[in-house]
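So this one's my_file-v7.pdb, PDB, C-alpha atoms:
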```
ATOM      1  CA  MET A  24     -13.511  -6.350  -1.077
ATOM      2  CA  PHE A  25      -9.871  -6.142  -2.025
ATOM      3  CA  ILE A  26      -7.059  -3.922  -0.763
ATOM      4  CA  THR A  27      -4.287  -2.642  -2.973
ATOM      5  CA  ARG A  28      -1.784   0.122  -3.294
ATOM      6  CA  ALA A  29      -3.398   2.997  -5.170
ATOM      7  CA  THR A  30      -2.158   4.010  -8.600
ATOM      8  CA  ARG A  31      -2.521   7.409 -10.252
ATOM      9  CA  HIS A  32      -5.723   6.070 -11.817
ATOM     10  CA  ASP A  33      -7.266   5.659  -8.353
ATOM     11  CA  LEU A  34      -6.646   9.220  -7.167
ATOM     12  CA  GLY A  35      -9.947  10.585  -8.489
ATOM     13  CA  ASP A  36     -11.875   7.846  -6.686
ATOM     14  CA  VAL A  37      -9.933   8.480  -3.462
ATOM     15  CA  GLU A  38     -10.604  12.226  -3.739
ATOM     16  CA  GLU A  39     -14.305  11.492  -4.208
ATOM     17  CA  LEU A  40     -14.344   9.290  -1.087
ATOM     18  CA  LEU A  41     -12.546  11.914   0.988
ATOM     19  CA  LYS A  42     -14.907  14.682  -0.100
ATOM     20  CA  SER A  43     -17.980  12.520   0.554
ATOM     21  CA  GLU A  44     -16.742  11.937   4.119
ATOM     22  CA  GLY A  45     -16.008  15.606   4.833
ATOM     23  CA  TRP A  46     -12.261  15.585   4.234
ATOM     24  CA  GLU A  47     -11.362  18.999   2.864
ATOM     25  CA  HIS A  48      -7.611  19.112   2.459
ATOM     26  CA  SER A  49      -5.407  16.263   1.377
ATOM     27  CA  GLU A  50      -2.333  16.176  -0.835
ATOM     28  CA  LEU A  51      -2.806  12.749  -2.403
ATOM     29  CA  LYS A  52       0.334  12.923  -4.500
ATOM     30  CA  LYS A  53       2.445  12.733  -1.329
ATOM     31  CA  GLY A  54       3.136   9.319   0.133
ATOM     32  CA  THR A  55       1.658   5.935  -0.623
ATOM     33  CA  THR A  56      -2.092   5.402  -0.526
ATOM     34  CA  PHE A  57      -3.776   2.051   0.030
ATOM     35  CA  VAL A  58      -7.391   1.594  -1.001
ATOM     36  CA  ALA A  59     -10.159  -0.869  -0.225
ATOM     37  CA  ARG A  60     -12.475  -1.443  -3.173
ATOM     38  CA  GLU A  61     -15.843  -3.002  -3.724
ATOM     39  CA  GLY A  62     -16.079  -1.641  -7.235
ATOM     40  CA  ALA A  63     -15.860   1.882  -5.800
ATOM     41  CA  VAL A  64     -13.245   2.914  -3.260
ATOM     42  CA  ILE A  65     -14.755   2.333   0.194
ATOM     43  CA  GLY A  66     -11.706   3.153   2.289
ATOM     44  CA  CYS A  67      -8.179   4.482   2.196
ATOM     45  CA  VAL A  68      -5.082   5.087   4.269
ATOM     46  CA  ARG A  69      -2.003   7.080   3.263
ATOM     47  CA  LEU A  70       1.560   6.660   4.542
ATOM     48  CA  ILE A  71       3.979   9.547   4.217
ATOM     49  CA  GLU A  72       7.673   9.004   4.894
ATOM     50  CA  VAL A  73       8.744  12.310   6.440
ATOM     51  CA  ALA A  74      12.300  11.113   7.207
ATOM     52  CA  PRO A  75      14.153   7.807   6.863
ATOM     53  CA  ASN A  76      12.272   5.185   8.904
ATOM     54  CA  THR A  77       9.799   7.841  10.112
ATOM     55  CA  VAL A  78       6.336   7.385   8.633
ATOM     56  CA  LEU A  79       3.180   9.390   9.205
ATOM     57  CA  VAL A  80      -0.187   7.626   8.917
ATOM     58  CA  ASP A  81      -2.657  10.047   7.323
ATOM     59  CA  ASP A  82      -6.095  10.109   5.708
ATOM     60  CA  VAL A  83      -7.524   6.959   7.309
ATOM     61  CA  VAL A  84     -11.088   7.019   5.988
ATOM     62  CA  VAL A  85     -13.805   4.395   5.556
ATOM     63  CA  ARG A  86     -17.086   5.183   3.844
ATOM     64  CA  GLY A  87     -19.801   5.732   6.460
ATOM     65  CA  ASP A  88     -21.977   2.781   5.448
ATOM     66  CA  LYS A  89     -18.977   0.411   5.587
ATOM     67  CA  ARG A  90     -17.710   1.327   9.056
ATOM     68  CA  GLY A  91     -17.716  -1.398  11.673
ATOM     69  CA  GLN A  92     -17.162  -4.125   9.072
ATOM     70  CA  GLY A  93     -13.379  -4.491   9.424
ATOM     71  CA  VAL A  94     -12.450  -2.369   6.408
ATOM     72  CA  GLY A  95     -10.330   0.069   8.428
ATOM     73  CA  LYS A  96      -8.626  -2.749  10.285
ATOM     74  CA  GLN A  97      -7.653  -4.518   7.062
ATOM     75  CA  LEU A  98      -6.457  -1.263   5.489
ATOM     76  CA  MET A  99      -4.300  -0.379   8.499
ATOM     77  CA  GLN A 100      -2.821  -3.868   8.630
ATOM     78  CA  ALA A 101      -1.955  -3.821   4.909
ATOM     79  CA  ALA A 102      -0.386  -0.364   5.192
ATOM     80  CA  MET A 103       1.602  -1.240   8.316
ATOM     81  CA  ASN A 104       2.836  -4.501   6.777
ATOM     82  CA  SER A 105       4.120  -2.590   3.751
ATOM     83  CA  ARG A 106       6.519  -0.337   5.627
ATOM     84  CA  GLY A 107       9.119  -0.570   8.342
ATOM     85  CA  GLY A 108      10.152   2.216  10.666
ATOM     86  CA  THR A 109       8.410   4.168  13.380
ATOM     87  CA  LEU A 110       4.821   5.202  12.686
ATOM     88  CA  TYR A 111       3.152   8.384  13.898
ATOM     89  CA  LEU A 112      -0.379   9.697  13.566
ATOM     90  CA  CYS A 113      -2.740  12.421  14.670
ATOM     91  CA  CYS A 114      -6.342  11.565  15.531
ATOM     92  CA  HIS A 115      -9.424  12.561  17.487
ATOM     93  CA  LYS A 116     -10.260  11.115  20.902
ATOM     94  CA  GLU A 117     -12.960   8.780  19.577
ATOM     95  CA  HIS A 118     -10.356   6.992  17.409
ATOM     96  CA  LEU A 119      -7.734   6.306  20.093
ATOM     97  CA  GLY A 120      -9.104   2.816  20.789
ATOM     98  CA  PHE A 121      -8.984   1.850  17.113
ATOM     99  CA  TYR A 122      -5.282   2.667  16.873
ATOM    100  CA  GLU A 123      -4.480   1.034  20.200
ATOM    101  CA  HIS A 124      -5.434  -2.288  18.551
ATOM    102  CA  PHE A 125      -2.341  -1.788  16.379
ATOM    103  CA  GLU A 126      -0.175  -1.067  19.431
ATOM    104  CA  PHE A 127      -0.117   2.692  18.944
ATOM    105  CA  LYS A 128       0.548   4.596  22.167
ATOM    106  CA  GLU A 129      -0.363   8.183  22.895
ATOM    107  CA  VAL A 130       2.573  10.649  23.058
ATOM    108  CA  PRO A 131       2.756  14.367  23.848
ATOM    109  CA  ALA A 132       3.153  16.690  20.866
ATOM    110  CA  SER A 133       6.374  17.987  22.410
ATOM    111  CA  THR A 134       8.028  14.571  21.887
ATOM    112  CA  LEU A 135       7.265  14.298  18.168
ATOM    113  CA  PRO A 136      10.385  14.218  15.977
ATOM    114  CA  GLU A 137      10.957  17.431  14.001
ATOM    115  CA  PRO A 138       9.987  15.927  10.600
ATOM    116  CA  VAL A 139       6.668  14.679  12.032
ATOM    117  CA  ALA A 140       5.935  17.930  13.872
ATOM    118  CA  GLY A 141       6.892  19.904  10.753
ATOM    119  CA  TYR A 142       4.509  17.964   8.545
ATOM    120  CA  LEU A 143       1.685  18.222  11.076
ATOM    121  CA  ASP A 144       2.342  21.947  11.400
ATOM    122  CA  GLU A 145       2.074  22.354   7.603
ATOM    123  CA  THR A 146      -1.286  20.573   7.587
ATOM    124  CA  GLY A 147      -2.591  22.516  10.597
ATOM    125  CA  ASP A 148      -2.917  19.365  12.708
ATOM    126  CA  LEU A 149      -0.175  20.213  15.213
ATOM    127  CA  THR A 150      -2.080  23.177  16.644
ATOM    128  CA  PRO A 151      -5.775  22.733  15.824
ATOM    129  CA  PRO A 152      -8.293  25.556  16.244
ATOM    130  CA  GLU A 153      -9.685  26.261  19.703
ATOM    131  CA  GLY A 154     -12.233  23.661  20.793
ATOM    132  CA  HIS A 155     -10.769  21.029  18.452
ATOM    133  CA  GLU A 156      -8.470  18.534  20.188
ATOM    134  CA  HIS A 157      -5.897  16.309  18.503
ATOM    135  CA  PHE A 158      -4.067  13.339  19.972
ATOM    136  CA  PHE A 159      -0.696  12.076  18.776
ATOM    137  CA  MET A 160       0.314   8.437  18.733
ATOM    138  CA  THR A 161       3.271   6.292  17.749
ATOM    139  CA  ALA A 162       3.928   2.607  17.117
ATOM    140  CA  ARG A 163       6.950   0.364  16.595
TER     141      ARG A 163
END
```
Take the structure I supplied and represent it as structure tokens, if you would.
Amino acid sequence: MFITRATRHDLGDVEELLKSEGWEHSELKKGTTFVAREGAVIGCVRLIEVAPNTVLVDDVVVRGDKRGQGVGKQLMQAAMNSRGGTLYLCCHKEHLGFYEHFEFKEVPASTLPEPVAGYLDETGDLTPPEGHEHFFMTAR
């Protein structure tokens, strides 16, 4: 496996991965995407700078049969090492522990900076549908 910054030639493969894992909406031309490859793309993470030194971590996905093998950890580390600034993300409860390994801490939605809240509002993640809970985290 190798991890690299995605190029425009990788976008089709990333889209295919996202669709295969149930991801419906993603604007891959925004931000910087990192991919893990074993021939095919087996994982990705996207960083979107929403303001100077304010970066949103989005689209963290590892192919189902590759989960639990350290792919996500290596992707997150590569992405985090590539960028300075404060990181923010939105996730589901079952993923809180994963992000805590990278020193992310849970924060209330009301404390998110405007550029982060604005982006999450655009994507529908700030106020998810009833019965669907999101958690917000920050690091650095």
Using the chain letters and numbers from the file, which residues does the PyMOL selection byres ((chain A and resi 28) around 8) grab, as a ChimeraX atom specification?
/A:26-27,29-30,55-58
Apply the PyMOL selection byres ((chain A and resi 149-156) around 8) to the file shown and report the selected residues as a list in words.
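Given this file, the PyMOL selection byres ((chain A and resi 149-156) around 8) evaluates to His115, Lys116, Ala132, Ala140, Leu143, Asp144, Thr146, Gly147, Asp148, His157 and Phe158 of chain A.
Every residue that the PyMOL selection byres ((chain A and resi 102) around 8) selects in this file is listed here: Phe57, Val68, Arg69, Leu70, Leu98, Met99, Gln100, Ala101, Met103, Asn104, Ser105 and Arg106 of chain A.
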Using C-alpha atoms, can you export the residues from the last selection as a PDB file, in the coordinates of the input?
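As written to disk, selection10.pdb reads:
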```pdb
ATOM      1  CA  PHE A  57      -3.776   2.051   0.030  1.00  0.00           C
ATOM      2  CA  VAL A  68      -5.082   5.087   4.269  1.00  0.00           C
ATOM      3  CA  ARG A  69      -2.003   7.080   3.263  1.00  0.00           C
ATOM      4  CA  LEU A  70       1.560   6.660   4.542  1.00  0.00           C
ATOM      5  CA  LEU A  98      -6.457  -1.263   5.489  1.00  0.00           C
ATOM      6  CA  MET A  99      -4.300  -0.379   8.499  1.00  0.00           C
ATOM      7  CA  GLN A 100      -2.821  -3.868   8.630  1.00  0.00           C
ATOM      8  CA  ALA A 101      -1.955  -3.821   4.909  1.00  0.00           C
ATOM      9  CA  MET A 103       1.602  -1.240   8.316  1.00  0.00           C
ATOM     10  CA  ASN A 104       2.836  -4.501   6.777  1.00  0.00           C
ATOM     11  CA  SER A 105       4.120  -2.590   3.751  1.00  0.00           C
ATOM     12  CA  ARG A 106       6.519  -0.337   5.627  1.00  0.00           C
TER      13      ARG A 106
END
```
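Residues in contact with A:Val78 at up to 10 Å, not including ones fewer than 4 positions away on its chain and judged by only C-alpha atoms, are Gly54, Arg69, Leu70, Ile71, Glu72, Val73, Ala74, Met103, Arg106, Gly107, Gly108, Thr109, Leu110, Tyr111, Leu112, Pro138, Val139 and Thr161 of chain A.
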Using only C-alpha atoms, determine which residues lie at most 8 Å from stretch 125-128 of chain A, disregarding the query and same-chain residues fewer than 5 positions distant; provide the list as a PyMOL selection string.
chain A and resi 160-163
Between atom CA of A:Ser133 and atom CA of A:Cys114, distance in Å (one decimal):
15.8 Å
Would you work out the distance separating atom CA of A:Cys67 from atom CA of A:Gly141, expressed in Å to one decimal?
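Atom CA of A:Gly141 lies at a distance of 23.2 Å from atom CA of A:Cys67.
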Using atom CA of A:Ile65 and atom CA of A:Asp33 as the two end points, give the distance in Å to one decimal.
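Result for atom CA of A:Ile65 versus atom CA of A:Asp33: 11.8 Å, one decimal.
Here the question is which of A:Gly95, A:Pro131, A:Pro75, A:Gly66 gets nearest to A:Leu41 using all atoms listed in the file, and that residue is A:Gly66.
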Residue with the minimum atom-to-atom distance to A:Val84, picked from A:Glu145, A:Glu38, A:Glu44, A:Glu137 with all atoms listed in the file counted, is A:Glu44
Kindly output stretch 98-121 of chain A as a compact mmCIF listing (two decimals), in the coordinates of the input, after building N, CA and C atoms.
```
# COMPACT_ATOMS: atom_id res chain seq x y z
N LEU A 98 -7.26 -2.30 6.13
CA LEU A 98 -6.46 -1.26 5.49
C LEU A 98 -5.22 -0.93 6.32
N MET A 99 -5.43 -0.71 7.62
CA MET A 99 -4.30 -0.38 8.50
C MET A 99 -3.28 -1.50 8.52
N GLN A 100 -3.75 -2.74 8.59
CA GLN A 100 -2.82 -3.87 8.63
C GLN A 100 -2.01 -3.95 7.34
N ALA A 101 -2.66 -3.79 6.19
CA ALA A 101 -1.96 -3.82 4.91
C ALA A 101 -0.92 -2.70 4.83
N ALA A 102 -1.30 -1.50 5.24
CA ALA A 102 -0.39 -0.36 5.19
C ALA A 102 0.80 -0.59 6.13
N MET A 103 0.53 -1.02 7.35
CA MET A 103 1.60 -1.24 8.32
C MET A 103 2.54 -2.36 7.88
N ASN A 104 2.01 -3.39 7.25
CA ASN A 104 2.84 -4.50 6.78
C ASN A 104 3.73 -4.09 5.61
N SER A 105 3.37 -3.00 4.94
CA SER A 105 4.12 -2.59 3.75
C SER A 105 5.37 -1.78 4.08
N ARG A 106 5.48 -1.30 5.30
CA ARG A 106 6.52 -0.34 5.63
C ARG A 106 7.13 -0.62 6.98
N GLY A 107 8.43 -0.49 7.07
CA GLY A 107 9.12 -0.57 8.34
C GLY A 107 9.23 0.82 8.94
N GLY A 108 9.92 0.93 10.04
CA GLY A 108 10.15 2.22 10.67
C GLY A 108 9.14 2.53 11.75
N THR A 109 9.30 3.71 12.33
CA THR A 109 8.41 4.17 13.38
C THR A 109 7.24 4.91 12.75
N LEU A 110 6.04 4.59 13.21
CA LEU A 110 4.82 5.20 12.69
C LEU A 110 4.29 6.25 13.66
N TYR A 111 3.77 7.32 13.11
CA TYR A 111 3.15 8.38 13.90
C TYR A 111 1.81 8.71 13.28
N LEU A 112 0.90 9.23 14.10
CA LEU A 112 -0.38 9.70 13.57
C LEU A 112 -0.99 10.72 14.49
N CYS A 113 -1.97 11.42 13.95
CA CYS A 113 -2.74 12.42 14.67
C CYS A 113 -4.20 12.01 14.51
N CYS A 114 -4.94 11.98 15.63
CA CYS A 114 -6.34 11.56 15.53
C CYS A 114 -7.20 12.28 16.57
N HIS A 115 -8.48 12.03 16.50
CA HIS A 115 -9.42 12.56 17.49
C HIS A 115 -9.63 11.52 18.59
N LYS A 116 -10.11 11.98 19.72
CA LYS A 116 -10.26 11.12 20.90
C LYS A 116 -11.05 9.84 20.61
N GLU A 117 -12.11 9.95 19.83
CA GLU A 117 -12.96 8.78 19.58
C GLU A 117 -12.26 7.68 18.77
N HIS A 118 -11.08 7.98 18.21
CA HIS A 118 -10.36 6.99 17.41
C HIS A 118 -9.16 6.37 18.14
N LEU A 119 -8.88 6.83 19.35
CA LEU A 119 -7.73 6.31 20.09
C LEU A 119 -7.80 4.79 20.24
N GLY A 120 -8.95 4.26 20.60
CA GLY A 120 -9.10 2.82 20.79
C GLY A 120 -8.82 2.02 19.53
N PHE A 121 -9.24 2.53 18.39
CA PHE A 121 -8.98 1.85 17.11
C PHE A 121 -7.48 1.67 16.92
```
